[in-house]
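First the structure, in the form of structure tokens, and then the observations on it.
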Amino acid sequence: MSALRLPYQSLEWRTFPTDPERVAESPPPPPFFGQERARAALEMALRGGFHAYLVGPPSLGKHEALLQYLRAQRVETPPDLLYVPLSERRAAVLTLPSGKENELAEGVESLLDEAARLEALFRQGAFLREKSRLEAHFREQQEAQVEQLRQEARAAGFNLLTSEEGVELNGQASIPTELAARLEEVTLHNLALSAEAAQALRRLRREWASHYLNNRVEPLMRRFPQARPYLEALRDRLARAAETAEAFDPTPWRPNLLTTSSTGSPPPVVFEPYATAPRLFGRLDHHTERGVRSTHVGLIRPGAIHKAQGGFLILDASSLVREGTWEAFKRALRNGQVEPVTEADGPGGLEVEPFPVQVQVVLVGSHEAFEPLEHDPAFSELFRIRAEFSPTLIATPEHYWAFGGWLGQQGFALTEGGLARLWDEGRRMAEQRDRFDARLVELRALAEEAAVLAEGPLTAHDVERAIRARDERAFYSEEEFVRAVQEGTWSFRLDGKAVGQVNALVVLETDPPWGRPSRLTARAAPGRDGVLSIDREAGLGGHIFHKAVLALSGYLRGHYAEAGSWAATVSLVFEQNYVSIDGDSAGLAELLAILSAIGEVPLRQDLGVTGAVDQTGQVLAVGGVAAKVEGFFRLCQAQGLTGNQGVVVPRSNLINLTLSGEVLEAVRDGRFHVYAVETVDEAIELLTGKRAEGFGGVHEKVRQNLERFRELENGENEGHE
């Protein structure tokens, strides 16, 4: 079979709608359209209550699709969760039925307002009478003690004087020891009675305050039995404040609501892109007053785990690794509880009860992001469901209209021509005619750029202008390369024939990737070194590149075994290359250059060549084939198309030829050609114009020269003996 020159009809791949100007209308697609395998895995996770992880390359819209999918789920309404104080030093978690947190907060606020009303209670007549009775009781005891001491002093010839400072004896003689001791006894006893009176008064205030508060707390306790320890602690604290008549700050005693939901509402879906410890687990803040730092329940700030209680928590896998929070997060999931993060130098003293973890977690990231996590045995235990996004979708009509519906959801109005052009760009990005690139985020970005240029619904022309503008922004280096070729700085031949020289097609790893030719030369001479890659010897060749060179050596040894032992040294180099190269897509070009150099058969210089080669001489598919064809076309166009120029590609790459309209038109007009080959022999015949096998064929010439090389090599060896 000979090389196949591909007609325009076999290369045309673009979508041509019936009415390009009509506004495209399609219903919104379901979440994960085209990613049914990932959706089925997530459905399994949701039914089983398992944690899951969503894997796929960037720009697929994984986060957006997941958020949309989870927000449409219906789960049992989660309870409200609060932190409440049990004392100035302890905080506990309180669980309430959904929607009850506001009722509790209102009841607590009313109770806190009672602190201001208690002083009014102590001005009531009943309390004042009880207070007066109590004070009179202790005053009578004190006066009785003083009166008895006065009588004893008078009997001894002394007077007992009383004042605000206390009591003292007055007389002409020295105070007897017994009387002085008696004076001290009465003084201490009265002081003790004063202290006892003050304590009794505090008890009285506390009893009245407790009785008053009980009447207000009991209804709350009946409504919120779960909150009894908290309400009792609050009641006791208010009573204690009333007992001592101290200023009371209500702030530390208010409940701190961390999560809430209403019956029938969607479950909480929380996406936390920055998985730092405070953002995940919450934190305990503090405030400073007069240089003193303190904290309380109200300063517990919720984290993503708190906000997602009863629902779903979405985390970026790479952030967990980057922020170093995986170990702590793993412990939280295993133990089912989490504590807020406190500063190392923050105020201590508040004992916070661990918060229960009741969430389903979905980690999202690329394959590379999950590599360090998958090495941890605990990861597979905690995250048993793997949902994987495909980087491409099958290019079916159903997916075509689903893509249009998705763009409509994103706010774009398009004509059918604009939709078709974006669709084709997705196929071109996938480098396959029957596949569509699933990087919807990048296609949306292109639509956004087209919308800037459009005056109405996006048309094919608007999208084409946006694509052209995007390419031009990245075209500077390629433009400089073409200019350097035209000026002769880069040496290329695009016509005629040359021995041991071929235009190999390569792709630059840029965004977008640019294809361009690289002049590949080979020189052959007698020797025993086989094929020497100068690029590899110079440290510019990668592992795959070296593998391709070894595969060529295997082909040469097997194909020319009858010529005897290998007695040739062939040097191979990509001329004017100063950067690292890798891959096997230059294998066919390298082999053609080697055979041309050994057999002294000239090769066409108006053809660019790409394709990998195995040891049997089969030409294998390569990547970036459309970019390579367009890169060679661009250079030929700059030098002037002759009508004979073209490219040689593997026949197995036909499905990947999503060529630009400019190249397709040149093929249609006969100004440029695309050839497909399956074997090395087909490529040999195309580039040499000679048959590969048989009398006078290329392989015969190669064998003849190899035999001559062996004779020369043996003659040299004999001369040295």
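Residue numbering restarts at 1 in every chain; chains get A, B, ... in the order shown in the structure tokens, and ligands count up from 1 in that same order.
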Worksheet entry | Spatial neighbours of Gln704 (chain A), 12 Å, only C-alpha atoms, chain gap at least 3 places, as a list in words |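 Residues near the query, excluding close chain neighbours: Tyr560, Glu562, Ala563, Gly564, Ala567, Leu595, Ile598, Gly599, Glu600, Phe695, Gly696, Gly697, Val698, His699, Glu700, Lys701, Glu707, Arg708, Phe709, Arg710 and Glu711 of chain A.
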Item to complete: Please report, as a ChimeraX atom specification, each residue of region 51-238 of chain A to which DSSP assigns alpha helix (DSSP H) when run on this structure's backbone.
Response: /A:62-71,101-121,125-155,177-223,228-238
Worksheet item: So which residues touch region 397-408 of chain A within 10 Å, counting only C-alpha atoms, skipping near sequence neighbours fewer than 2 positions away, as a count of residues only?
Response: 32
Worksheet entry | Nearest candidate to Gln358 (chain A) (options A:Gln35, A:Asn503, A:Gln309, A:Ser87; using only C-alpha atoms) | A:Gln309
Worksheet item: Near Arg435 (chain A), counting only C-alpha atoms, which residues have an atom at most 9 Å away, once you skip same-chain residues fewer than 3 positions from it, shown as number ranges by chain?
Response: A: 392-396, 426-428, 430-432
Item to complete: Would you please give, as a PyMOL selection string, all residues of region 372-606 of chain A that DSSP assigns to strand (DSSP E or B) based on the backbone?
Response: chain A and resi 383-388+392-394+414-415+435-437+458+497-499+501-508+514-526+530-533+541+568-574+581+602-604
Worksheet item: Hey, what's within 10 Å of Ser518 (chain A) if we count only C-alpha atoms and toss same-chain stuff fewer than 3 positions away? As a list in words, please?
Response: Trp490, Ser491, Phe492, Val502, Asn503, Ala504, Leu505, Val506, Val507, Gly515, Thr521, Phe574, Glu575, Gln576, Asn577, Ala586, Gly608, Val609 and Phe632 of chain A
Response to the item:
Counting only C-alpha atoms, closest pick from A:Ala136, A:Leu121, A:Ala173, A:Ala589 relative to Val648 (chain A) is A:Ala589
Discussion item. Please list as a PyMOL selection string every residue within 9 Å of region 233-243 of chain A, counting only C-alpha atoms and excluding residues in the same chain fewer than 4 positions away.
Written reply: chain A and resi 85-87+108+111-112+114-115+118-119+201-210+213-214+217+228-229+247-248+253
Worksheet item: Given the choices A:Tyr555, A:Tyr675, A:Phe633, A:Phe158, which gets closest to Leu494 (chain A) if the distance is worked out from only C-alpha atoms?
Response: A:Phe633
